[in-house]
Structure formats: C-alpha cells, structure tokens
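Trainee: upload.cif (mmCIF, C-alpha atoms) pasted underneath:
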data_query
#
loop_
_atom_site.label_atom_id
_atom_site.label_comp_id
_atom_site.auth_asym_id
_atom_site.auth_seq_id
_atom_site.Cartn_x
_atom_site.Cartn_y
_atom_site.Cartn_z
CA MET A 1 129.60 -137.28 21.91
CA SER A 2 128.44 -133.78 21.21
CA ALA A 3 124.79 -133.06 20.47
CA ILE A 4 122.51 -134.58 17.89
CA ARG A 5 121.11 -131.69 15.86
CA VAL A 6 117.88 -131.83 13.87
CA VAL A 7 118.20 -129.83 10.66
CA TRP A 8 116.09 -129.45 7.51
CA GLY A 9 116.06 -127.92 4.08
CA THR A 10 114.23 -127.77 0.78
CA GLY A 11 115.43 -127.10 -2.73
CA SER A 12 114.84 -127.54 -6.43
CA GLY A 13 116.92 -128.20 -9.50
CA PRO A 14 116.96 -129.61 -13.03
CA THR A 15 117.61 -133.18 -11.77
CA ALA A 16 116.58 -135.21 -8.73
CA THR A 17 120.17 -135.19 -7.46
CA SER A 18 120.55 -131.43 -7.84
CA ALA A 19 117.28 -130.84 -6.00
CA TYR A 20 118.41 -133.16 -3.19
CA ASP A 21 121.77 -131.34 -3.02
CA ALA A 22 119.93 -128.00 -2.82
CA ALA A 23 117.78 -129.33 0.04
CA LEU A 24 120.93 -130.49 1.85
CA ALA A 25 122.36 -126.99 1.29
CA GLY A 26 119.27 -125.55 2.98
CA ALA A 27 120.16 -127.64 6.04
CA ASP A 28 123.88 -126.77 5.60
CA VAL A 29 125.00 -130.41 5.38
CA HIS A 30 125.66 -130.45 1.62
CA ASN A 31 129.45 -130.40 1.90
CA TYR A 32 129.67 -133.72 3.78
CA ASN A 33 129.46 -137.37 2.78
CA LEU A 34 126.39 -138.54 4.66
CA VAL A 35 126.47 -141.92 6.39
CA ILE A 36 122.92 -143.12 7.07
CA LEU A 37 122.28 -144.59 10.52
CA SER A 38 119.56 -146.95 11.66
CA SER A 39 117.89 -144.58 14.13
CA VAL A 40 118.95 -145.33 17.73
CA ILE A 41 119.75 -142.40 20.02
CA PRO A 42 122.52 -142.99 22.60
CA ALA A 43 121.82 -142.12 26.25
CA ASP A 44 123.10 -138.83 27.66
CA THR A 45 123.24 -137.14 24.25
CA PRO A 46 121.66 -133.69 23.96
CA LEU A 47 119.11 -133.28 21.15
CA GLU A 48 118.84 -129.82 19.60
CA VAL A 49 116.29 -128.78 16.98
CA VAL A 50 118.26 -126.10 15.13
CA GLY A 51 117.06 -125.97 11.51
CA THR A 52 120.47 -125.29 9.98
CA ALA A 53 123.66 -127.11 10.97
CA PRO A 54 126.60 -125.17 12.40
CA ASP A 55 130.10 -125.74 11.05
CA LEU A 56 130.69 -129.45 11.64
CA GLY A 57 134.17 -129.75 10.15
CA PRO A 58 135.97 -129.78 6.80
CA ALA A 59 134.19 -130.37 3.51
CA GLY A 60 134.37 -133.96 2.31
CA ASN A 61 134.30 -135.49 5.78
CA ARG A 62 131.74 -138.14 6.65
CA LEU A 63 128.76 -137.13 8.74
CA ALA A 64 126.47 -139.60 10.49
CA VAL A 65 122.75 -138.86 10.05
CA VAL A 66 119.27 -140.29 10.29
CA GLN A 67 117.44 -138.84 7.30
CA GLY A 68 113.88 -138.42 6.12
CA GLN A 69 113.76 -137.26 2.52
CA ARG A 70 111.63 -137.08 -0.59
CA THR A 71 112.21 -135.75 -4.09
CA VAL A 72 109.39 -135.19 -6.59
CA GLY A 73 109.82 -134.85 -10.33
CA PRO A 74 108.55 -132.13 -12.65
CA ASP A 75 105.52 -134.25 -13.58
CA GLU A 76 104.40 -134.85 -9.99
CA SER A 77 101.76 -132.58 -8.51
CA GLY A 78 102.30 -133.13 -4.81
CA PRO A 79 104.85 -131.39 -2.62
CA ALA A 80 108.07 -133.07 -1.47
CA VAL A 81 107.52 -133.92 2.19
CA ALA A 82 110.11 -135.19 4.68
CA GLY A 83 109.79 -135.88 8.36
CA LEU A 84 111.56 -137.16 11.42
CA GLY A 85 110.15 -138.18 14.77
CA TRP A 86 111.82 -139.19 18.00
CA ALA A 87 111.01 -140.73 21.36
CA ARG A 88 113.39 -140.74 24.36
CA ASP A 89 113.50 -142.07 27.89
CA GLU A 90 114.77 -140.21 30.98
CA SER A 91 118.40 -141.16 30.24
CA GLY A 92 118.12 -139.62 26.77
CA ARG A 93 118.36 -142.91 24.87
CA GLY A 94 115.70 -143.39 22.29
CA ILE A 95 114.78 -143.85 18.66
CA PHE A 96 114.24 -141.82 15.54
CA TYR A 97 111.76 -142.73 12.83
CA GLU A 98 111.96 -141.09 9.41
CA ALA A 99 109.64 -140.92 6.41
CA GLY A 100 109.07 -139.10 3.14
CA GLY A 101 106.16 -138.72 0.76
CA THR A 102 103.89 -136.20 -0.91
CA ASP A 103 101.23 -135.75 1.78
CA PRO A 104 102.23 -134.10 5.08
CA ASP A 105 99.48 -135.85 7.05
CA ALA A 106 100.44 -139.26 5.66
CA VAL A 107 104.12 -138.67 6.46
CA ARG A 108 103.23 -137.67 10.04
CA THR A 109 100.97 -140.73 10.41
CA THR A 110 103.75 -143.01 9.12
CA ILE A 111 106.22 -141.54 11.59
CA GLU A 112 103.79 -141.84 14.50
CA ALA A 113 103.09 -145.49 13.59
CA GLY A 114 106.81 -146.20 13.37
CA LEU A 115 107.44 -144.59 16.75
CA ASP A 116 104.57 -146.61 18.25
CA GLN A 117 106.08 -149.84 16.94
CA GLY A 118 109.63 -148.90 17.90
CA THR A 119 108.71 -147.94 21.44
CA ASP A 120 106.66 -151.13 21.85
CA LEU A 121 109.73 -153.19 20.87
CA ARG A 122 111.81 -151.72 23.68
CA GLU A 123 111.38 -152.10 27.43
CA TRP A 124 112.22 -148.45 28.07
CA SER A 125 110.00 -145.85 29.73
CA PHE A 126 109.66 -143.18 27.06
CA VAL A 127 108.96 -139.68 28.40
CA ASP A 128 109.66 -137.38 25.42
CA ARG A 129 108.26 -137.62 21.90
CA ASP A 130 108.06 -135.21 18.98
CA VAL A 131 107.58 -135.15 15.20
CA LEU A 132 108.91 -132.60 12.71
CA VAL A 133 107.54 -132.52 9.12
CA ARG A 134 108.68 -130.13 6.39
CA GLU A 135 107.38 -129.71 2.84
CA ALA A 136 108.47 -128.04 -0.36
CA PRO A 137 105.80 -127.19 -2.95
CA ALA A 138 106.54 -128.75 -6.33
CA GLU A 139 108.02 -126.27 -8.79
CA ALA A 140 106.83 -126.48 -12.38
CA GLY A 141 109.51 -127.89 -14.68
CA SER A 142 111.89 -128.76 -11.81
CA HIS A 143 112.62 -131.52 -9.36
CA THR A 144 111.90 -130.51 -5.75
CA ALA A 145 113.29 -132.06 -2.56
CA ALA A 146 112.80 -131.87 1.19
CA VAL A 147 115.09 -133.34 3.86
CA VAL A 148 115.00 -133.56 7.64
CA CYS A 149 118.16 -134.95 9.26
CA ALA A 150 119.31 -135.82 12.75
CA VAL A 151 123.03 -135.07 12.61
CA TYR A 152 125.19 -137.02 15.07
CA GLY A 153 128.01 -134.87 16.44
CA GLU A 154 130.81 -133.53 14.25
CA SER A 155 132.10 -134.77 10.90
CA ARG A 156 135.07 -137.14 10.71
CA PRO A 157 137.73 -137.71 8.05
CA LEU A 158 136.81 -140.19 5.37
CA VAL A 159 140.35 -140.96 4.22
CA GLY A 160 143.86 -140.65 5.63
CA LYS A 161 145.52 -141.61 8.91
CA SER A 162 142.79 -140.29 11.15
CA ALA A 163 139.98 -142.02 9.20
CA ASN A 164 138.43 -144.81 11.22
CA PHE A 165 134.98 -146.23 11.50
#
Once you've parsed the file, please lay out its structure as structure tokens.

Mentor:
Amino acid sequence: MSAIRVVWGTGSGPTATSAYDAALAGADVHNYNLVILSSVIPADTPLEVVGTAPDLGPAGNRLAVVQGQRTVGPDESGPAVAGLGWARDESGRGIFYEAGGTDPDAVRTTIEAGLDQGTDLREWSFVDRDVLVREAPAEAGSHTAAVVCAVYGESRPLVGKSANF
C-alpha cells in the first residue's frame, strides 16, 4: 500500500451538499466516490500530513478515507469544525479517531477521548499520537463545511473489469 495522506478543506455554498463538495475540493478529493473506513491503520504504512491530495487517479473512482466533517447551515452561528486524530505503535499500525462540531476545543476533546478509549482497547504499545483540527467560519446566508480526511493510497475503479472490493 502506498501512503495514507491526511488532507483537509473548507468551503461554502447555497446547500449543505454544495458546501461539503466545496470543502472536499479544498482537500482535492472532490472528484472521487469516497468509501468511509472504520479507522484502523495497517502496519508499515507511511502517514503523510499534506493538506491537499495529489493526483490519486481518474475521476469517479472510489477512494478509501477516514473522515471528520461538519456542515453548518445559514442560521447557525458557530464555525464548521472537523478533526482527525491518530495513534500508532512502532510498526506503524494504529487507529484514527474523527469528529466534527462547532467548537474547536470540544472537537479536540472528543478526538482525544476517542483515542484514549481506542488505545486502551488494544494491547499495542503506542508511541506516536497527534490531532489535527480545522475550522471554517460560518458565512452569512450560506452553508459552510470543514473536512479532514485520511486518504488510503490511490483510487480504484468503481465499475468495470478491474473493479473489485
């Protein structure tokens, strides 16, 4: 497997879906069909915090991600806040924990609590841990979204002969 890349973006639009799409565009993963994973990191997989995804294959392919996200509506006063945290052992295996909300401190606290619980459930010796939180101030009259994604490797075809899960 190639690297897992941590990317993020924010955006706004006239609908919740358009704001979410704009946030995905900020991370450069908007042209893929995202497949949400349950948060386990395989051993011996590099983890790169890059901000914006490189070219990961043709548009329309499926792309495996762990995703923290939040969209706020035009009547909400708080920002859209998304976060992702991770903990890894010496082999590189580990866990992600994701959260979204409208308060950056609360999102960080939720992620930290999730990582605490997740690491307690496993008999691994965790040596690396980090949390990344991003926010987008609410825009008057618009929906606003923030996303933080851990992108697993390259995209894969969704249909056709080479499509397999």

Trainee: Enter the distance from CA of Arg5 (chain A) to CA of Gly118 (chain A), in Å, rounded to one decimal.

Mentor: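 Separation of CA of Arg5 (chain A) and CA of Gly118 (chain A): 20.8 Å.
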
Trainee: Name every residue that the PyMOL selection byres ((chain A and resi 100) around 7) selects in this structure, writing the answer as a ChimeraX atom specification with chains first and numbers rising.

Mentor: /A:68-70,81-83,99,101,107

Trainee: Set the distance at 8 Å and use only C-alpha atoms: which residues neighbour Ser142 (chain A) once local chain neighbours fewer than 6 positions away are removed? I'd like the list as a PyMOL selection string.

Mentor: chain A and resi 12-15+73-74

Trainee: If the PyMOL selection byres ((chain A and resi 91) around 9) is run on the structure shown, which residues does it catch, given as a list in words?

Mentor: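 For this structure, the PyMOL selection byres ((chain A and resi 91) around 9) resolves to Pro42, Ala43, Asp44, Thr45, Arg88, Asp89, Glu90, Gly92, Arg93 and Gly94 of chain A.
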
Trainee: Name the closest residue to Ala27 (chain A) among the candidates A:Val7, A:Leu63, A:Ala150, A:Ile95; distances are taken between atoms, counting all atoms listed in the file.

Mentor: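 Closest to Ala27 (chain A), using all atoms listed in the file: A:Val7.
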
Trainee: What residues come out when you apply the PyMOL selection byres ((chain A and resi 123-140) around 9) to this file, written as a ChimeraX atom specification?

Mentor: /A:8-12,72-90,92-94,97,102-105,107-108,111-112,115,119-122,141-148

Trainee: For a test of reading the model, state the distance in Å between CA of Ala113 (chain A) and CA of Val35 (chain A), rounded to one decimal.

Mentor: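 Interatomic distance, CA of Ala113 (chain A) to CA of Val35 (chain A): 24.7 Å.
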
Trainee: How many Å separate CA of Val49 (chain A) from CA of Gln117 (chain A)?

Mentor: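 About the pair CA of Val49 (chain A) and CA of Gln117 (chain A): they are 23.4 Å apart.
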
Trainee: Mind listing whatever residues come within 8 Å of the point (124.5, -140.4, 4.7)? Use all atoms listed in the file, file coordinates, and give them as a ChimeraX atom specification.

Mentor: /A:33-37,62-67

Trainee: Output C-alpha atoms of each residue in that selection to a file, as a PDB file, in the frame of the given file.

Mentor:
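So out_31.pdb came out as:
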ATOM      1  CA  ASN A  33     129.460-137.370   2.780  1.00  0.00           C
ATOM      2  CA  LEU A  34     126.390-138.540   4.660  1.00  0.00           C
ATOM      3  CA  VAL A  35     126.470-141.920   6.390  1.00  0.00           C
ATOM      4  CA  ILE A  36     122.920-143.120   7.070  1.00  0.00           C
ATOM      5  CA  LEU A  37     122.280-144.590  10.520  1.00  0.00           C
ATOM      6  CA  ARG A  62     131.740-138.140   6.650  1.00  0.00           C
ATOM      7  CA  LEU A  63     128.760-137.130   8.740  1.00  0.00           C
ATOM      8  CA  ALA A  64     126.470-139.600  10.490  1.00  0.00           C
ATOM      9  CA  VAL A  65     122.750-138.860  10.050  1.00  0.00           C
ATOM     10  CA  VAL A  66     119.270-140.290  10.290  1.00  0.00           C
ATOM     11  CA  GLN A  67     117.440-138.840   7.300  1.00  0.00           C
TER      12      GLN A  67
END

Trainee: Taking all atoms listed in the file into account, name the residue in A:Asp55, A:Glu48, A:Glu98, A:Asp28 that is nearest to Ser155 (chain A).

Mentor: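 Between A:Asp55, A:Glu48, A:Glu98, A:Asp28, the residue approaching Ser155 (chain A) most closely is A:Asp55.
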
Trainee: In terms of the shortest atom-to-atom distance over only C-alpha atoms, which of A:Thr71, A:Ser2, A:Thr52, A:Thr110 is closest to Val29 (chain A)?

Mentor: A:Thr52

Trainee: Taking 6 positions as the minimum chain separation for residues in the same chain, which residues sit within 6 Å of Tyr32 (chain A) when counting only C-alpha atoms? Answer as a list in words.

Mentor: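 Near neighbours after the sequence-gap exclusion: Ala59, Gly60, Asn61 and Arg62 of chain A.
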
Trainee: Can you sort out the box for region 137-142 of chain A, edges along x, y and z, all listed atoms in, 8 Å on every side, with centre and edge lengths in Å to one decimal, as JSON?

Mentor:
{"center_x": 108.8, "center_y": -127.5, "center_z": -8.8, "size_x": 22.1, "size_y": 18.5, "size_z": 27.7}
